2 protein chains.
Amino acid sequence: MTGTKVAYDLDTQVGFLLRQVTQRHLGIFAARVPDVTPTQFAALAKLSVLGPTSQNALGRATAMDAATIKGVVDRLKIRGYVETRRDPDDQRRIFVAPTPAGQSLFDANVDAALQISDETLAPLSGRERETLLGLLNKLT
Amino acid sequence: MTGTKVAYDLDTQVGFLLRQVTQRHLGIFAARVPDVTPTQFAALAKLSVLGPTSQNALGRATAMDAATIKGVVDRLKIRGYVETRRDPDDQRRIFVAPTPAGQSLFDANVDAALQISDETLAPLSGRERETLLGLLNKLT
DNA sequence: CGCCTATTGTTAGTATACAAACGGATTTTG
DNA sequence: CAAAATCCGTTTGTATACTAACAATAGGCG
């Protein structure tokens, strides 16, 4: 028996669920930290740990490809949160570093960022949260 | 003791994990179904179940806001996968319906779409997959 | 030294995704 | 019935995110 229709339930597909959860999370983030986007905050967070980092390396640390991190750094620069300078030892590289304003912004919003994660996971128990993060980590 | 620095580990934040898992999933989708994007396929899937649907209602069914679904429908129209016509009973509404080509495309790729979900979840056991989908569903 | 390869950053094009503002049509409500 | 509220679709602006192609630089190796 061939040609039987295969059921396709969009609402239970992992991609569709991921998209919706991401949308909800982005909404929570925008409400709590209106000054920067999640990706911009991620870049500031990594810079805060790594110190001056080449643009592409920053992209790798934040899971953005070269084209994407360029746009993020450009916008952070326009807002005065990072500054860039050529690496004297490698004329291809551009060092990206947070400005004092960028560092202050990050410090001032770390608590809010943690609350964003908490609010996103609010429907789950503590055990469920750990389970989810563990499973997501496996799918990275 | 105030002013103590709060640790912020980007790599364990739910939003960062969601973004990376989504990226991996989008890559798998593009490799298996190059003709349409995940959102375009989602629209075709819902149309296949719902039949002719108003543009905004299709957006709600696929978790896209009005501006987003408009772009998706426009691109599906350009590719000849859907067609639109005014609702005679409500001059505001635009009915969206799949063309034969759109229906064929959906039917021909349902199996691939299911494999995409499977491949995305490949690192997980059967029980883990159910757990993940259940937890994601709670966060919708 | 010169060639080859890899890396770095840029640009252009395509595709979500949302907010905000708008005009027009419909429905609700007083 | 008329005003208000709601809904529908559109447009503009901003922000990811990827692919592909490209120029410039750096490093390895004979």
# chains A, B, ... in the order shown; residues from 1 in each chain; ligands from 1
$ closest_atom_pairs --of "segment 7-124 of chain B" --to "segment 28-40 of chain A" --cutoff "12 Å" --atoms "only C-alpha atoms" --output "JSON lines"
{"residue": "B:Leu10", "atom": "CA", "partner": "A:Pro38", "partner_atom": "CA", "distance": 10.6}
{"residue": "B:Gln13", "atom": "CA", "partner": "A:Pro38", "partner_atom": "CA", "distance": 10.9}
{"residue": "B:Val14", "atom": "CA", "partner": "A:Pro38", "partner_atom": "CA", "distance": 11.4}
{"residue": "B:Gly15", "atom": "CA", "partner": "A:Pro38", "partner_atom": "CA", "distance": 8.0}
{"residue": "B:Phe16", "atom": "CA", "partner": "A:Pro38", "partner_atom": "CA", "distance": 8.4}
{"residue": "B:Leu18", "atom": "CA", "partner": "A:Pro38", "partner_atom": "CA", "distance": 11.7}
{"residue": "B:Arg19", "atom": "CA", "partner": "A:Thr39", "partner_atom": "CA", "distance": 9.5}
{"residue": "B:Gln20", "atom": "CA", "partner": "A:Thr39", "partner_atom": "CA", "distance": 11.6}
$ write_last_selection --atoms "C-alpha atoms" --output "PDB file, in the first residue's frame"
ATOM      1  CA  LEU B  10      26.529  33.412  28.288  1.00  0.00           C
ATOM      2  CA  GLN B  13      21.717  31.120  29.092  1.00  0.00           C
ATOM      3  CA  VAL B  14      18.583  29.676  27.581  1.00  0.00           C
ATOM      4  CA  GLY B  15      18.388  32.354  24.890  1.00  0.00           C
ATOM      5  CA  PHE B  16      21.909  31.672  23.686  1.00  0.00           C
ATOM      6  CA  LEU B  18      18.009  28.449  21.730  1.00  0.00           C
ATOM      7  CA  ARG B  19      19.751  30.566  19.122  1.00  0.00           C
ATOM      8  CA  GLN B  20      22.420  27.943  18.505  1.00  0.00           C
TER       9      GLN B  20
END
$ interface_residues --of "chain D" --to "chain A" --cutoff "8 Å" --atoms "only C-alpha atoms (C1' of nucleotides)" --output "PyMOL selection string"
chain D and resi 16-17+24-26
$ closest_residue --among "B:Arg60, B:Lys46, B:Lys70, B:Arg85" --to "chain A" --atoms "only C-alpha atoms"
B:Lys46
$ select_by_dssp --residues "chain B" --states "alpha helix (DSSP H)" --output "ChimeraX atom specification"
/B:14-32,38-50,55-61,66-78,100-120,126-138
$ interface_residues --of "chain C" --to "chain B" --cutoff "9 Å" --atoms "only C-alpha atoms (C1' of nucleotides)" --output "list in words"
DA15, DT16, DA17, DC18, DG24, DA25 and DT26 of chain C
$ write_last_selection --atoms "N, CA and C atoms (P, O5', C5', C4', C3', O3' and C1' of nucleotides)" --output "CSV table (one decimal), in the first residue's frame"
chain,number,residue,atom,x,y,z
C,15,DA,P,14.1,35.0,-0.9
C,15,DA,O5',14.0,34.9,0.6
C,15,DA,C5',14.7,33.9,1.3
C,15,DA,C4',14.5,34.1,2.8
C,15,DA,C3',13.1,34.5,3.2
C,15,DA,O3',12.6,33.6,4.2
C,15,DA,C1',14.7,35.9,4.3
C,16,DT,P,11.1,33.5,4.6
C,16,DT,O5',11.0,34.7,5.6
C,16,DT,C5',10.4,34.5,6.9
C,16,DT,C4',11.5,34.3,7.9
C,16,DT,C3',11.0,34.6,9.3
C,16,DT,O3',11.5,33.7,10.3
C,16,DT,C1',12.8,36.1,8.7
C,17,DA,P,10.7,33.6,11.7
C,17,DA,O5',10.5,35.1,12.2
C,17,DA,C5',11.1,35.5,13.3
C,17,DA,C4',10.9,37.0,13.5
C,17,DA,C3',9.5,37.5,13.7
C,17,DA,O3',9.2,37.6,15.1
C,17,DA,C1',10.9,39.1,12.6
C,18,DC,P,7.7,37.9,15.6
C,18,DC,O5',7.9,39.4,16.0
C,18,DC,C5',8.9,39.8,16.9
C,18,DC,C4',9.1,41.3,16.9
C,18,DC,C3',7.8,42.1,17.0
C,18,DC,O3',7.9,42.9,18.2
C,18,DC,C1',9.1,42.9,15.2
C,24,DG,P,-8.4,55.5,2.8
C,24,DG,O5',-9.2,54.1,3.0
C,24,DG,C5',-8.7,52.9,2.4
C,24,DG,C4',-9.4,51.7,3.0
C,24,DG,C3',-10.9,51.9,3.0
C,24,DG,O3',-11.5,50.7,2.4
C,24,DG,C1',-10.0,51.1,5.1
C,25,DA,P,-13.0,50.6,2.2
C,25,DA,O5',-13.4,49.5,3.2
C,25,DA,C5',-12.8,48.2,3.0
C,25,DA,C4',-13.2,47.3,4.1
C,25,DA,C3',-14.7,47.2,4.3
C,25,DA,O3',-15.1,45.8,4.3
C,25,DA,C1',-13.7,47.7,6.3
C,26,DT,P,-16.6,45.4,4.4
C,26,DT,O5',-16.7,45.0,6.0
C,26,DT,C5',-15.7,44.2,6.5
C,26,DT,C4',-15.9,44.1,8.0
C,26,DT,C3',-17.4,43.8,8.5
C,26,DT,O3',-17.4,42.6,9.2
C,26,DT,C1',-16.3,45.5,9.8
$ interface_residues --of "chain A" --to "chain B" --cutoff "9 Å" --atoms "only C-alpha atoms" --output "MDAnalysis selection string"
chainID A and resid 5:26 38:39 42 45:46 62:63 107 110:111 113:114 116:118 120:124 128:129 131:133 135:140
$ select_by_dssp --residues "chain A" --states "strand (DSSP E or B)" --output "ChimeraX atom specification"
/A:53-54,82-87,90-98
$ decode --residues "chain D" --atoms "C-alpha atoms (C1' of nucleotides)" --output "PDB file, in the first residue's frame"
ATOM      1  C1'  DC D   1     -28.403  54.467  13.799  1.00  0.00           C
ATOM      2  C1'  DA D   2     -23.945  56.661  14.904  1.00  0.00           C
ATOM      3  C1'  DA D   3     -19.666  56.488  17.420  1.00  0.00           C
ATOM      4  C1'  DA D   4     -16.181  53.638  19.102  1.00  0.00           C
ATOM      5  C1'  DA D   5     -13.565  49.737  18.968  1.00  0.00           C
ATOM      6  C1'  DT D   6     -11.633  46.149  16.500  1.00  0.00           C
ATOM      7  C1'  DC D   7      -9.701  43.807  12.652  1.00  0.00           C
ATOM      8  C1'  DC D   8      -7.232  43.578   8.090  1.00  0.00           C
ATOM      9  C1'  DG D   9      -3.606  44.394   5.266  1.00  0.00           C
ATOM     10  C1'  DT D  10       0.323  47.601   4.046  1.00  0.00           C
ATOM     11  C1'  DT D  11       4.485  50.198   4.603  1.00  0.00           C
ATOM     12  C1'  DT D  12       8.741  51.760   6.812  1.00  0.00           C
ATOM     13  C1'  DG D  13      12.556  51.125   9.706  1.00  0.00           C
ATOM     14  C1'  DT D  14      15.607  48.269  12.424  1.00  0.00           C
ATOM     15  C1'  DA D  15      17.998  43.931  13.491  1.00  0.00           C
ATOM     16  C1'  DT D  16      19.459  39.340  13.082  1.00  0.00           C
ATOM     17  C1'  DA D  17      21.355  35.496   9.969  1.00  0.00           C
ATOM     18  C1'  DC D  18      23.092  33.007   6.086  1.00  0.00           C
ATOM     19  C1'  DT D  19      25.336  32.367   1.354  1.00  0.00           C
ATOM     20  C1'  DA D  20      28.451  33.744  -1.994  1.00  0.00           C
ATOM     21  C1'  DA D  21      31.999  36.223  -3.812  1.00  0.00           C
ATOM     22  C1'  DC D  22      35.820  39.261  -3.065  1.00  0.00           C
ATOM     23  C1'  DA D  23      40.373  41.779  -1.670  1.00  0.00           C
ATOM     24  C1'  DA D  24      44.045  41.975   1.413  1.00  0.00           C
ATOM     25  C1'  DT D  25      47.054  39.975   4.577  1.00  0.00           C
ATOM     26  C1'  DA D  26      49.670  36.245   6.857  1.00  0.00           C
ATOM     27  C1'  DG D  27      51.971  31.955   7.255  1.00  0.00           C
ATOM     28  C1'  DG D  28      53.954  27.618   5.543  1.00  0.00           C
ATOM     29  C1'  DC D  29      56.947  25.336   2.557  1.00  0.00           C
ATOM     30  C1'  DG D  30      59.917  24.108  -1.060  1.00  0.00           C
TER      31       DG D  30
END
